Structure formats: structure tokens, C-alpha cells
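Visitor: File coords_10.txt follows (compact mmCIF, C-alpha atoms):
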# COMPACT_ATOMS: atom_id res chain seq x y z
CA MET E 983 23.65 60.59 -94.81
CA ALA E 984 26.04 62.42 -92.46
CA THR E 985 25.21 65.78 -90.94
CA TYR E 986 28.20 68.12 -90.98
CA VAL E 987 28.67 70.92 -88.44
CA ASN E 988 31.48 73.28 -87.50
CA ASN E 989 31.68 75.46 -84.39
CA HIS E 990 35.17 76.85 -85.01
CA ILE E 991 35.26 79.13 -88.05
CA HIS E 992 37.62 82.10 -87.83
CA THR E 993 36.93 85.35 -89.67
CA VAL E 994 38.81 88.52 -90.57
CA TYR E 995 38.24 89.69 -87.00
CA SER E 996 41.08 87.39 -85.96
CA PHE E 997 42.77 85.68 -88.93
CA SER E 998 40.95 84.28 -91.95
CA PRO E 999 40.21 85.05 -95.60
CA TYR E 1000 36.50 85.08 -94.68
CA THR E 1001 34.34 87.90 -93.41
CA PRO E 1002 31.55 86.76 -91.08
CA THR E 1003 29.15 86.93 -94.03
CA THR E 1004 31.35 85.06 -96.51
CA ALA E 1005 32.13 82.47 -93.81
CA VAL E 1006 28.44 81.66 -93.41
CA GLU E 1007 27.96 81.70 -97.18
CA ALA E 1008 30.88 79.29 -97.65
CA ALA E 1009 29.57 77.07 -94.86
CA LYS E 1010 26.19 76.90 -96.56
CA ASN E 1011 27.65 76.29 -100.02
CA ASN E 1012 29.95 73.56 -98.70
CA GLY E 1013 27.13 71.59 -97.13
CA LEU E 1014 27.40 72.42 -93.43
CA ALA E 1015 24.19 72.16 -91.41
CA THR E 1016 25.43 74.70 -88.83
CA ALA E 1017 28.22 77.26 -88.55
CA GLY E 1018 29.96 78.71 -85.52
CA ILE E 1019 32.13 81.83 -85.32
CA MET E 1020 35.27 81.46 -83.19
CA ASP E 1021 37.66 84.39 -83.37
CA HIS E 1022 40.67 85.07 -81.16
CA ASP E 1023 40.18 87.62 -78.37
CA THR E 1024 37.11 89.21 -79.97
CA VAL E 1025 33.42 88.78 -80.76
CA LEU E 1026 33.24 91.91 -82.91
CA GLY E 1027 32.23 89.80 -85.91
CA ALA E 1028 29.39 88.07 -84.07
CA ARG E 1029 26.55 90.45 -84.97
CA GLU E 1030 27.36 90.24 -88.67
CA PHE E 1031 27.62 86.45 -88.36
CA ILE E 1032 24.17 86.28 -86.77
CA GLU E 1033 22.65 88.39 -89.55
CA ALA E 1034 24.38 86.26 -92.18
CA GLY E 1035 22.85 83.17 -90.57
CA LYS E 1036 19.42 84.70 -91.09
CA LYS E 1037 20.25 85.69 -94.67
CA TYR E 1038 21.43 82.21 -95.65
CA ASP E 1039 18.96 80.31 -93.43
CA MET E 1040 21.91 78.78 -91.57
CA PRO E 1041 21.70 77.91 -87.85
CA ILE E 1042 24.67 79.59 -86.16
CA THR E 1043 26.44 79.66 -82.82
CA VAL E 1044 28.74 82.28 -81.32
CA GLY E 1045 31.99 81.73 -79.47
CA VAL E 1046 35.41 83.22 -78.74
CA GLU E 1047 38.87 81.71 -78.25
CA CYS E 1048 41.83 83.01 -76.29
CA ARG E 1049 45.05 81.99 -74.62
CA SER E 1050 44.92 81.88 -70.83
CA ASP E 1051 47.54 81.92 -68.08
CA MET E 1052 47.71 78.56 -66.29
CA SER E 1053 50.83 79.38 -64.25
CA LYS E 1054 48.86 79.36 -60.98
CA THR E 1055 47.50 75.87 -61.53
CA ALA E 1056 48.87 72.33 -61.33
CA LEU E 1057 49.77 72.64 -65.04
CA ALA E 1058 52.38 75.35 -64.40
CA GLY E 1059 55.55 74.73 -66.36
CA LYS E 1060 53.97 72.25 -68.74
CA ARG E 1061 53.45 72.52 -72.50
CA ILE E 1062 49.67 72.38 -72.49
CA ASN E 1063 48.06 73.07 -75.88
CA ASN E 1064 50.15 76.07 -76.96
CA PRO E 1065 53.17 75.26 -79.14
CA ASP E 1066 54.91 78.53 -78.30
CA GLN E 1067 54.77 78.98 -74.55
CA LEU E 1068 54.69 76.86 -71.39
CA SER E 1069 51.93 77.32 -68.79
CA VAL E 1070 49.62 78.82 -71.42
CA ALA E 1071 46.45 77.16 -72.71
CA TYR E 1072 43.98 77.88 -75.46
CA VAL E 1073 40.47 77.99 -74.05
CA ALA E 1074 37.09 78.79 -75.57
CA MET E 1075 33.76 80.31 -74.65
CA HIS E 1076 30.90 78.66 -76.52
CA GLY E 1077 27.20 79.45 -76.62
CA ILE E 1078 27.44 83.17 -75.92
CA PRO E 1079 23.96 84.61 -75.23
CA HIS E 1080 23.54 87.27 -77.86
CA GLN E 1081 22.56 90.04 -75.45
CA ASN E 1082 26.00 89.67 -73.81
CA ILE E 1083 28.16 89.87 -76.94
CA GLU E 1084 29.30 93.41 -76.20
CA HIS E 1085 29.96 92.58 -72.53
CA VAL E 1086 32.19 89.71 -73.58
CA ASP E 1087 34.09 91.92 -76.00
CA SER E 1088 34.68 94.50 -73.27
CA PHE E 1089 36.60 91.78 -71.40
CA PHE E 1090 38.94 91.29 -74.37
CA ALA E 1091 39.38 94.87 -75.66
CA PRO E 1092 42.18 95.86 -73.20
CA LEU E 1093 43.88 92.50 -73.80
CA ARG E 1094 44.02 93.20 -77.55
CA ARG E 1095 45.67 96.56 -76.90
CA ARG E 1096 48.31 94.96 -74.67
CA ARG E 1097 48.89 92.26 -77.26
CA ASN E 1098 49.81 94.87 -79.87
CA VAL E 1099 52.69 96.10 -77.72
CA ARG E 1100 54.18 92.62 -77.95
CA ASN E 1101 53.25 92.34 -81.64
CA LYS E 1102 55.32 95.43 -82.44
CA ALA E 1103 58.29 94.05 -80.54
CA MET E 1104 58.02 90.73 -82.41
CA CYS E 1105 58.11 92.61 -85.72
CA GLU E 1106 61.40 94.11 -84.62
CA ASN E 1107 62.71 90.64 -83.81
CA ILE E 1108 61.77 89.49 -87.31
CA ASN E 1109 63.52 92.49 -88.82
CA ARG E 1110 66.76 91.47 -87.15
CA LEU E 1111 66.47 88.15 -88.96
CA THR E 1112 65.34 89.38 -92.38
CA ALA E 1113 66.85 92.85 -92.80
CA PRO E 1114 70.12 91.40 -94.21
CA TYR E 1115 68.01 90.11 -97.13
CA GLY E 1116 66.29 93.44 -97.77
CA ILE E 1117 63.02 92.51 -96.02
CA THR E 1118 61.60 94.48 -93.08
CA LEU E 1119 58.18 94.81 -91.45
CA ASP E 1120 56.53 97.92 -90.10
CA PHE E 1121 53.75 96.96 -87.68
CA ASP E 1122 51.55 100.00 -88.32
CA ARG E 1123 51.98 99.96 -92.10
CA ASP E 1124 52.33 96.29 -92.99
CA VAL E 1125 50.66 94.26 -90.23
CA TYR E 1126 47.91 96.22 -88.49
CA PRO E 1127 45.93 96.92 -91.71
CA LEU E 1128 45.58 93.16 -92.27
CA ALA E 1129 43.43 92.80 -89.13
CA SER E 1130 39.86 93.83 -88.40
CA ALA E 1131 40.30 93.39 -84.64
CA THR E 1132 42.82 91.00 -83.07
CA VAL E 1133 46.37 91.00 -84.46
CA THR E 1134 47.91 87.54 -84.13
CA GLU E 1135 51.24 85.95 -84.99
CA ARG E 1136 49.55 84.79 -88.18
CA HIS E 1137 49.00 88.40 -89.25
CA ILE E 1138 52.67 89.15 -88.68
CA LEU E 1139 53.76 86.14 -90.71
CA PHE E 1140 51.19 86.82 -93.44
CA ALA E 1141 52.68 90.30 -93.80
CA LEU E 1142 56.11 88.68 -93.96
CA ALA E 1143 54.86 86.23 -96.62
CA LYS E 1144 53.71 89.19 -98.71
CA LYS E 1145 57.12 90.83 -98.33
CA ILE E 1146 58.83 87.60 -99.35
CA THR E 1147 56.73 87.19 -102.50
CA ALA E 1148 57.39 90.82 -103.41
CA ARG E 1149 61.13 90.25 -103.05
CA TYR E 1150 61.32 86.77 -104.61
CA HIS E 1151 59.18 86.41 -107.70
CA THR E 1152 59.03 82.64 -108.23
CA PRO E 1153 58.06 79.75 -105.94
CA GLU E 1154 61.52 78.26 -106.43
CA GLU E 1155 63.17 81.47 -105.22
CA VAL E 1156 60.81 81.59 -102.23
CA VAL E 1157 61.66 78.00 -101.24
CA GLY E 1158 65.36 78.79 -101.68
CA PHE E 1159 65.08 81.82 -99.41
CA ILE E 1160 63.03 80.13 -96.68
CA GLY E 1161 64.81 76.80 -96.67
CA GLY E 1162 68.26 78.03 -97.64
CA ASP E 1163 68.95 81.61 -96.55
CA MET E 1164 66.66 81.50 -93.50
CA GLY E 1165 67.48 77.90 -92.63
CA ILE E 1166 63.85 77.01 -91.95
CA ALA E 1167 63.10 73.29 -92.24
CA LEU E 1168 60.40 72.54 -94.82
CA SER E 1169 58.63 69.21 -95.04
CA GLU E 1170 58.17 67.76 -98.51
CA LYS E 1171 54.43 68.36 -98.18
CA VAL E 1172 54.83 72.07 -97.42
CA LYS E 1173 57.64 72.53 -99.94
CA ASN E 1174 55.50 71.03 -102.70
CA GLN E 1175 52.55 73.20 -101.74
CA ILE E 1176 54.67 76.33 -102.11
CA LEU E 1177 56.28 75.11 -105.34
CA GLY E 1178 52.76 74.60 -106.72
CA GLY E 1179 52.00 78.27 -106.22
CA ARG E 1180 51.60 78.96 -109.93
CA GLU E 1181 48.81 76.39 -110.15
CA THR E 1182 47.13 77.42 -106.87
CA PRO E 1183 47.74 81.18 -106.48
CA GLN E 1184 44.80 81.49 -104.08
CA PHE E 1185 46.73 79.35 -101.57
CA TYR E 1186 50.26 80.61 -102.26
CA GLU E 1187 50.78 83.21 -99.54
CA TYR E 1188 48.82 81.10 -97.03
CA ASP E 1189 51.11 78.13 -97.73
CA ILE E 1190 54.15 80.34 -97.14
CA LEU E 1191 52.54 81.55 -93.92
CA GLY E 1192 52.00 77.93 -92.84
CA ALA E 1193 55.65 77.11 -93.47
CA LEU E 1194 56.79 80.14 -91.47
CA LYS E 1195 54.39 79.53 -88.58
CA GLY E 1196 55.36 75.91 -88.22
CA ASN E 1197 59.09 76.56 -88.09
CA MET E 1198 59.93 80.23 -87.50
CA VAL E 1199 57.84 81.46 -84.56
CA GLU E 1200 60.40 80.27 -82.01
CA LYS E 1201 63.00 82.55 -83.65
CA PHE E 1202 61.07 85.77 -82.95
CA TYR E 1203 58.44 84.90 -80.35
CA ILE E 1204 58.20 86.99 -77.18
CA PRO E 1205 56.31 85.32 -74.32
CA ALA E 1206 52.88 86.79 -73.68
CA THR E 1207 52.30 88.23 -70.21
CA ASP E 1208 49.69 90.85 -69.31
CA GLU E 1209 47.57 90.17 -72.40
CA LEU E 1210 46.73 86.72 -71.01
CA PRO E 1211 43.75 86.47 -68.67
CA ASP E 1212 44.28 84.27 -65.67
CA VAL E 1213 42.35 81.09 -66.43
CA ARG E 1214 40.16 81.54 -63.35
CA ASP E 1215 39.21 85.05 -64.46
CA PHE E 1216 38.35 83.67 -67.88
CA VAL E 1217 36.09 80.95 -66.49
CA ALA E 1218 34.42 83.46 -64.16
CA MET E 1219 33.74 85.80 -67.09
CA VAL E 1220 32.29 82.97 -69.20
CA HIS E 1221 29.90 81.96 -66.43
CA GLU E 1222 28.97 85.54 -65.58
CA TYR E 1223 27.79 86.10 -69.15
CA GLY E 1224 26.08 82.75 -69.56
CA GLY E 1225 28.55 80.87 -71.79
CA VAL E 1226 30.04 77.39 -71.83
CA ALA E 1227 33.67 77.30 -70.63
CA ALA E 1228 35.60 74.83 -72.78
CA TYR E 1229 39.15 73.55 -72.66
CA ALA E 1230 40.59 73.08 -76.19
CA TYR E 1231 42.32 69.68 -76.39
CA LEU E 1232 45.17 69.51 -78.88
CA GLY E 1233 46.94 66.25 -78.14
CA ASP E 1234 50.38 65.20 -79.30
CA VAL E 1235 51.02 66.28 -82.91
CA GLY E 1236 52.63 64.07 -85.54
CA ASP E 1237 52.10 65.18 -89.15
CA SER E 1238 50.26 68.50 -88.87
CA VAL E 1239 47.04 68.55 -90.89
CA THR E 1240 47.33 72.26 -91.63
CA GLY E 1241 51.11 72.25 -92.09
CA ASP E 1242 51.62 74.98 -89.49
CA LYS E 1243 52.43 72.81 -86.45
CA LYS E 1244 55.61 70.86 -86.02
CA ALA E 1245 55.69 67.42 -84.42
CA GLN E 1246 55.48 68.08 -80.70
CA LYS E 1247 54.14 66.58 -77.47
CA PHE E 1248 51.33 68.24 -75.58
CA GLU E 1249 48.80 66.93 -73.03
CA ASP E 1250 48.74 63.21 -73.63
CA ASP E 1251 51.44 62.24 -71.10
CA TYR E 1252 49.58 63.90 -68.20
CA ILE E 1253 45.96 63.76 -69.33
CA ASP E 1254 44.67 62.63 -65.92
CA LEU E 1255 46.21 65.71 -64.31
CA LEU E 1256 44.76 67.84 -67.11
CA PHE E 1257 41.23 66.61 -66.38
CA ASP E 1258 41.71 67.01 -62.64
CA THR E 1259 42.79 70.61 -63.24
CA ILE E 1260 40.02 71.69 -65.62
CA ASP E 1261 37.55 70.04 -63.26
CA GLU E 1262 38.89 72.08 -60.33
CA LEU E 1263 38.85 75.26 -62.43
CA GLY E 1264 35.17 74.87 -63.28
CA PHE E 1265 35.30 74.14 -67.01
CA ASP E 1266 32.08 72.78 -68.47
CA ALA E 1267 33.30 71.22 -71.69
CA VAL E 1268 36.17 69.96 -73.79
CA THR E 1269 36.36 70.99 -77.42
CA PHE E 1270 38.45 69.07 -79.95
CA MET E 1271 39.01 68.54 -83.67
CA PRO E 1272 38.56 64.94 -84.87
CA THR E 1273 40.76 65.33 -87.95
CA ARG E 1274 43.73 66.48 -85.83
CA ASN E 1275 44.01 63.36 -83.67
CA THR E 1276 44.43 59.61 -83.96
CA PRO E 1277 41.52 57.23 -83.25
CA ALA E 1278 43.28 56.14 -80.04
CA GLN E 1279 43.61 59.76 -78.86
CA LEU E 1280 39.97 60.49 -79.62
CA ASP E 1281 38.62 57.33 -78.00
CA ARG E 1282 40.55 58.01 -74.79
CA LEU E 1283 39.54 61.68 -74.76
CA MET E 1284 35.84 61.02 -75.35
CA GLY E 1285 35.87 58.25 -72.77
CA MET E 1286 37.37 60.55 -70.14
CA CYS E 1287 34.87 63.32 -70.97
CA SER E 1288 32.01 60.86 -70.47
CA GLU E 1289 33.43 59.55 -67.21
CA ARG E 1290 34.06 63.03 -65.82
CA GLY E 1291 30.83 64.61 -67.09
CA PHE E 1292 32.33 67.13 -69.51
CA PHE E 1293 30.16 68.30 -72.40
CA GLN E 1294 31.87 67.48 -75.70
CA ILE E 1295 32.09 70.07 -78.47
CA SER E 1296 33.82 69.83 -81.82
CA GLY E 1297 34.84 72.31 -84.48
CA GLU E 1298 37.48 72.23 -87.18
CA ASP E 1299 39.70 75.31 -87.01
CA ILE E 1300 39.29 77.20 -90.33
CA ASN E 1301 41.59 80.15 -91.03
CA SER E 1302 42.98 79.37 -94.49
CA PRO E 1303 41.36 78.93 -97.91
CA ARG E 1304 43.06 75.55 -98.21
CA GLN E 1305 41.10 74.15 -95.29
CA LYS E 1306 37.84 72.35 -96.00
CA PHE E 1307 34.58 73.21 -94.25
CA ILE E 1308 33.46 69.59 -94.24
CA CYS E 1309 34.92 67.25 -91.61
CA PRO E 1310 34.55 63.66 -92.86
CA ALA E 1311 34.84 62.36 -89.30
CA TYR E 1312 31.14 63.09 -88.84
CA GLU E 1313 30.41 60.20 -91.16
CA ASP E 1314 31.44 57.90 -88.30
CA PRO E 1315 28.46 57.20 -85.99
CA LYS E 1316 30.69 57.48 -82.91
CA PHE E 1317 30.81 61.25 -83.48
CA ALA E 1318 27.04 61.69 -83.74
CA HIS E 1319 26.97 63.26 -80.28
CA LEU E 1320 29.14 66.12 -81.58
CA VAL E 1321 26.47 66.96 -84.15
CA ASP E 1322 23.87 66.93 -81.38
CA ALA E 1323 26.12 69.23 -79.33
CA ALA E 1324 26.27 71.81 -82.12
CA PHE E 1325 22.49 71.99 -82.34
CA MET E 1326 22.25 72.07 -78.55
CA LEU E 1327 24.53 75.12 -78.47
CA ILE E 1328 22.32 76.86 -81.01
CA ASP E 1329 19.11 75.99 -79.12
CA TYR E 1330 20.70 77.16 -75.87
CA GLU E 1331 21.73 80.53 -77.36
CA ASN E 1332 18.23 81.10 -78.69
CA ALA E 1333 16.66 80.21 -75.34
CA ALA E 1334 19.22 82.26 -73.39
CA GLU E 1335 18.17 85.43 -75.20
CA LYS E 1336 14.97 85.21 -73.15
CA SER E 1337 16.41 83.88 -69.88
CA ILE E 1338 19.90 82.54 -69.20
CA SER E 1339 18.88 80.80 -65.97
CA GLN E 1340 15.94 79.05 -67.61
CA ALA E 1341 18.09 78.08 -70.60
CA LYS E 1342 20.72 76.55 -68.30
CA ALA E 1343 17.99 74.58 -66.55
CA GLN E 1344 16.71 73.43 -69.95
CA PHE E 1345 20.17 72.22 -71.05
CA PRO E 1346 21.85 70.85 -67.89
CA LYS E 1347 24.15 68.57 -69.93
CA MET E 1348 26.09 71.64 -71.11
CA PHE E 1349 27.02 72.92 -67.67
CA ARG E 1350 28.80 71.32 -64.72
CA SER E 1351 27.79 73.85 -62.07
Before we go any further, please render this structure as C-alpha cells.

Guide:
Amino acid sequence: MATYVNNHIHTVYSFSPYTPTTAVEAAKNNGLATAGIMDHDTVLGAREFIEAGKKYDMPITVGVECRSDMSKTALAGKRINNPDQLSVAYVAMHGIPHQNIEHVDSFFAPLRRRRNVRNKAMCENINRLTAPYGITLDFDRDVYPLASATVTERHILFALAKKITARYHTPEEVVGFIGGDMGIALSEKVKNQILGGRETPQFYEYDILGALKGNMVEKFYIPATDELPDVRDFVAMVHEYGGVAAYAYLGDVGDSVTGDKKAQKFEDDYIDLLFDTIDELGFDAVTFMPTRNTPAQLDRLMGMCSERGFFQISGEDINSPRQKFICPAYEDPKFAHLVDAAFMLIDYENAAEKSISQAKAQFPKMFRS
């Protein structure tokens, strides 16, 4: 019988329908053996997540995800793993020792404040597109209240989805507005999800959000600047506070599993350079999502991680009620090491509460330096 784990569950502290407590509860009820919190630019939900793990007798692990500036590396000018901006990469800190949670959040707090300056400006860009149809967004009134900590592009588009459903009362009208008036391309899959909104009201606004995120961001997006930590500063922070620095592999996208990513090329054409760069930068691990990639992509990636000595971590990004907690890929024996990695992260965090240096010595496979 397969053991299912997930180290990449978002909560309301970035974007998700789940609080830290309800995320752990859902993980338990859905048959996960472990659960990991992974919010954007914040670990403010970590303490509640830890307590929920105790309440539901669920082994947990703590992490944080952010976008980093790679413009001073050999990957400058490339589309790395961020659909919206060149020279920018999603990276993750796994295995945060619990005594350093607040220290880690102090690194991100000023970045969240800077991000909101850009968020407000992006709301204005959206208004220029939607005001002719009687739809406008106010950041402070409509967007900010949707977030518990980090405000992301998803929050902005979720607020827009709510405005759209308030203006257009049927799924057919919504599809007509998005695909017709706004000229946003909708795949048959996404269109049918929205048109099924009467039967699945719990997914309705999230499906509209997915359609908007996959095809509209480029119309209002403002490149991030001072809210992005330089990748070297990020790696230094991770190591200072005892975490595992992980690069988040995306790989070329065909048919997006979540419906919010368009077909696009990412790292696959220059994967050797990618590994050379993350090696030079001091990353310890590569994290990836088995359901997002083809068998050929995964086999090549895992082979390169083994050859180069990178710890392999997996977690399926959960930020919508439509997404399942169980990843069937774990039923394949070739992914058994990813289950072991999840439990290793948990054991490391528990040991690191007593001594980070001793814990690192106990789990040398997780660290490259």
C-alpha cells in the first residue's frame, strides 16, 4: 500500500481556502501520512500548523516559498520557473527549525510590504481593463482583506473573480465576459469547469481565478523588483537559520494540471546550466511535483539530482479546493525516496530543535555543505 505525503500545502497566510488547522485536518482526512506548510513569503501560519499536527496526530514539516532575483547569475535573461518574469525563480526553504520560525519571517516581512506597493499598482492596471464594463478593484477594500499575510496575484484575481460573479449572474454570462468582452482565451477544460459552476459552487470562483491567472496576468503584471531577495541572500538566510535550500523545478508545461498555467517552455532546454548554477549558488535540494511533469522529464531530473548530489523533495502545490491532497505518483516505487525525504525533513526538524549542528551531522544527505 502506498504512503502518501505532501510538503507543499498553502494556507490562508498566502493563498488557499485552508487555514493551517483545516489544512492539517484535510490532509489527515484525505489519507496523507505527513503534511507540510509552504506559504509564499511568510511562515506566520507555521505555529498553528505545528499545533494542528499535534491535535490530529499528523507528522508535519515547515517551509516557505518565495521568488528570488537570479539576474546576477548565469540564468540572467532566461525564463526559469516563473511564467511572468525573466531572471526570476521560485525557491523554497524546507525543514525550518522551529526555534527560528520568527527569524525567518523577519527576513520576509519587509519584502511583503514592498510587494503591496506593486500589488496596488497592478490593481490600477486591471481597472484600466475592466472599468469600461463596470468592474473596478480597490486594493485596500477588495483585495487586502482576502489575505492573512502575503498578498499575491492570486488574491488580486480572486477579488476580480468575485467582482465578475457579482456583475454577471450566470456561468454562461461569465464565460461570455471573460472569453468575449475581455478576449481571454479559455481552453475547453477551463470553460467547462466554469460552465459547471451551478453543480460545483464550491469551485466556481476558484475556476474563474484559474482562467484569469492562466491568461490575463500578462495584461496587468508589473515586474517585481525590490521585493525579490537576491538568490544568494536567500540561500545565506536559509543556511543561517538551519534550513534546506531548494530550487523548485517546474519544467516545460503542456496541458496545465491546475488550469492556471499556459503552455510554455521553462528550464528543460538549458537544464545542465541550471544545475551548474544552483550548484554554484549553494542549493542543497531540488523540489518538484510528479503530477506536473512527464515521465521523461522526471526521470532526467531525478537522474541529474542523483548524479550531482542534490537532495530530492516533492510536494504537490495545493491552493484550491479542486486540488487533491493525494498524489497517485507515490504508488510508483520509483518515487519511494520522496516519501523517505518527507519523513527525513520531519525527523531533522525535531532534532534541530535541540541542536542544528548535530541534526545536520545526523542527516548529511539533506545538505551539500

Visitor: Please build the interface table for segment 1130-1221 of chain E against segment 1263-1283 of chain E with a cut-off of 9 Å, listing for each qualifying residue the nearest atom pair and the distance in Å to one decimal; count all atoms listed in the file, order rows by chain and increasing number, and write it as a tab-separated table.

Guide:
residue	atom	partner	partner_atom	distance
E:Val1213	CA	E:Leu1263	CA	7.9
E:Arg1214	CA	E:Leu1263	CA	6.5
E:Val1217	CA	E:Phe1265	CA	6.9
E:Ala1218	CA	E:Gly1264	CA	8.7

Visitor: Name the residues, using the chain letters and numbers of the file, that sit within 10 Å of (29.4, 73.0, -91.7) when counting all atoms listed in the file, and give them as a PDB file with C-alpha atoms, in the frame of the given file.

Guide:
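Listed below is the output, out-v8.pdb:
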ATOM      1  CA  THR E 985      25.210  65.780 -90.940  1.00  0.00           C
ATOM      2  CA  TYR E 986      28.200  68.120 -90.980  1.00  0.00           C
ATOM      3  CA  VAL E 987      28.670  70.920 -88.440  1.00  0.00           C
ATOM      4  CA  ASN E 988      31.480  73.280 -87.500  1.00  0.00           C
ATOM      5  CA  ASN E 989      31.680  75.460 -84.390  1.00  0.00           C
ATOM      6  CA  HIS E 990      35.170  76.850 -85.010  1.00  0.00           C
ATOM      7  CA  ILE E 991      35.260  79.130 -88.050  1.00  0.00           C
ATOM      8  CA  VAL E1006      28.440  81.660 -93.410  1.00  0.00           C
ATOM      9  CA  ALA E1008      30.880  79.290 -97.650  1.00  0.00           C
ATOM     10  CA  ALA E1009      29.570  77.070 -94.860  1.00  0.00           C
ATOM     11  CA  LYS E1010      26.190  76.900 -96.560  1.00  0.00           C
ATOM     12  CA  ASN E1011      27.650  76.290-100.020  1.00  0.00           C
ATOM     13  CA  ASN E1012      29.950  73.560 -98.700  1.00  0.00           C
ATOM     14  CA  GLY E1013      27.130  71.590 -97.130  1.00  0.00           C
ATOM     15  CA  LEU E1014      27.400  72.420 -93.430  1.00  0.00           C
ATOM     16  CA  ALA E1015      24.190  72.160 -91.410  1.00  0.00           C
ATOM     17  CA  THR E1016      25.430  74.700 -88.830  1.00  0.00           C
ATOM     18  CA  ALA E1017      28.220  77.260 -88.550  1.00  0.00           C
ATOM     19  CA  GLY E1018      29.960  78.710 -85.520  1.00  0.00           C
ATOM     20  CA  MET E1040      21.910  78.780 -91.570  1.00  0.00           C
ATOM     21  CA  PRO E1041      21.700  77.910 -87.850  1.00  0.00           C
ATOM     22  CA  ILE E1042      24.670  79.590 -86.160  1.00  0.00           C
ATOM     23  CA  GLY E1297      34.840  72.310 -84.480  1.00  0.00           C
ATOM     24  CA  GLU E1298      37.480  72.230 -87.180  1.00  0.00           C
ATOM     25  CA  LYS E1306      37.840  72.350 -96.000  1.00  0.00           C
ATOM     26  CA  PHE E1307      34.580  73.210 -94.250  1.00  0.00           C
ATOM     27  CA  ILE E1308      33.460  69.590 -94.240  1.00  0.00           C
ATOM     28  CA  CYS E1309      34.920  67.250 -91.610  1.00  0.00           C
TER      29      CYS E1309
END

Visitor: Do a neighbour search on segment 1333-1340 of chain E at 8 Å with all atoms listed in the file, toss out local chain neighbours closer than 6 positions, and write the hits as a tab-separated table (two decimals) with C-alpha atoms, in the frame of the given file.

Guide:
chain	number	residue	atom	x	y	z
E	1079	PRO	CA	23.96	84.61	-75.23
E	1080	HIS	CA	23.54	87.27	-77.86
E	1081	GLN	CA	22.56	90.04	-75.45
E	1224	GLY	CA	26.08	82.75	-69.56

Visitor: In terms of the shortest atom-to-atom distance over only C-alpha atoms, which of E:Glu1170, E:Asp1066, E:Asp1189, E:Asp1314 is closest to Leu1139 of chain E?

Guide: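 That would be E:Asp1189, the residue with the smallest distance to Leu1139 of chain E.
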
Visitor: Can you tell me which residues surround Tyr1115 of chain E at a distance of at most 12 Å, considering all atoms listed in the file, apart from same-chain residues fewer than 3 positions away, and format the answer as a PyMOL selection string?

Guide: chain E and resi 1108-1112+1118+1145-1146+1149-1150+1159-1160+1163-1164

Visitor: Can you tell me how far atom CA of Tyr1203 of chain E sits from atom CA of Asn1107 of chain E, in Å to one decimal?

Guide: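 Computing the Euclidean distance for atom CA of Tyr1203 of chain E and atom CA of Asn1107 of chain E yields 7.9 Å.
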
Visitor: Quick one: segment 1121-1132 of chain E with N, CA and C atoms, as a compact mmCIF listing (two decimals), in the coordinates of the input?

Guide:
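Saved file out16.txt follows:
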# COMPACT_ATOMS: atom_id res chain seq x y z
N PHE E 1121 55.00 97.44 -88.24
CA PHE E 1121 53.75 96.96 -87.68
C PHE E 1121 52.57 97.81 -88.13
N ASP E 1122 52.69 99.12 -88.00
CA ASP E 1122 51.55 100.00 -88.32
C ASP E 1122 51.22 100.01 -89.80
N ARG E 1123 52.22 99.88 -90.65
CA ARG E 1123 51.98 99.96 -92.10
C ARG E 1123 51.68 98.60 -92.73
N ASP E 1124 52.40 97.58 -92.30
CA ASP E 1124 52.33 96.29 -92.99
C ASP E 1124 51.45 95.26 -92.30
N VAL E 1125 51.34 95.32 -90.97
CA VAL E 1125 50.66 94.26 -90.23
C VAL E 1125 49.26 94.68 -89.77
N TYR E 1126 49.18 95.80 -89.08
CA TYR E 1126 47.91 96.22 -88.49
C TYR E 1126 46.78 96.33 -89.52
N PRO E 1127 47.02 96.83 -90.74
CA PRO E 1127 45.93 96.92 -91.71
C PRO E 1127 45.37 95.58 -92.16
N LEU E 1128 46.07 94.48 -91.88
CA LEU E 1128 45.58 93.16 -92.27
C LEU E 1128 44.51 92.65 -91.31
N ALA E 1129 44.34 93.30 -90.17
CA ALA E 1129 43.43 92.80 -89.13
C ALA E 1129 42.21 93.70 -89.01
N SER E 1130 41.07 93.08 -88.71
CA SER E 1130 39.86 93.83 -88.40
C SER E 1130 39.69 94.05 -86.91
N ALA E 1131 40.35 93.23 -86.10
CA ALA E 1131 40.30 93.39 -84.64
C ALA E 1131 41.59 92.87 -84.03
N THR E 1132 41.66 91.58 -83.74
CA THR E 1132 42.82 91.00 -83.07
C THR E 1132 43.97 90.79 -84.05
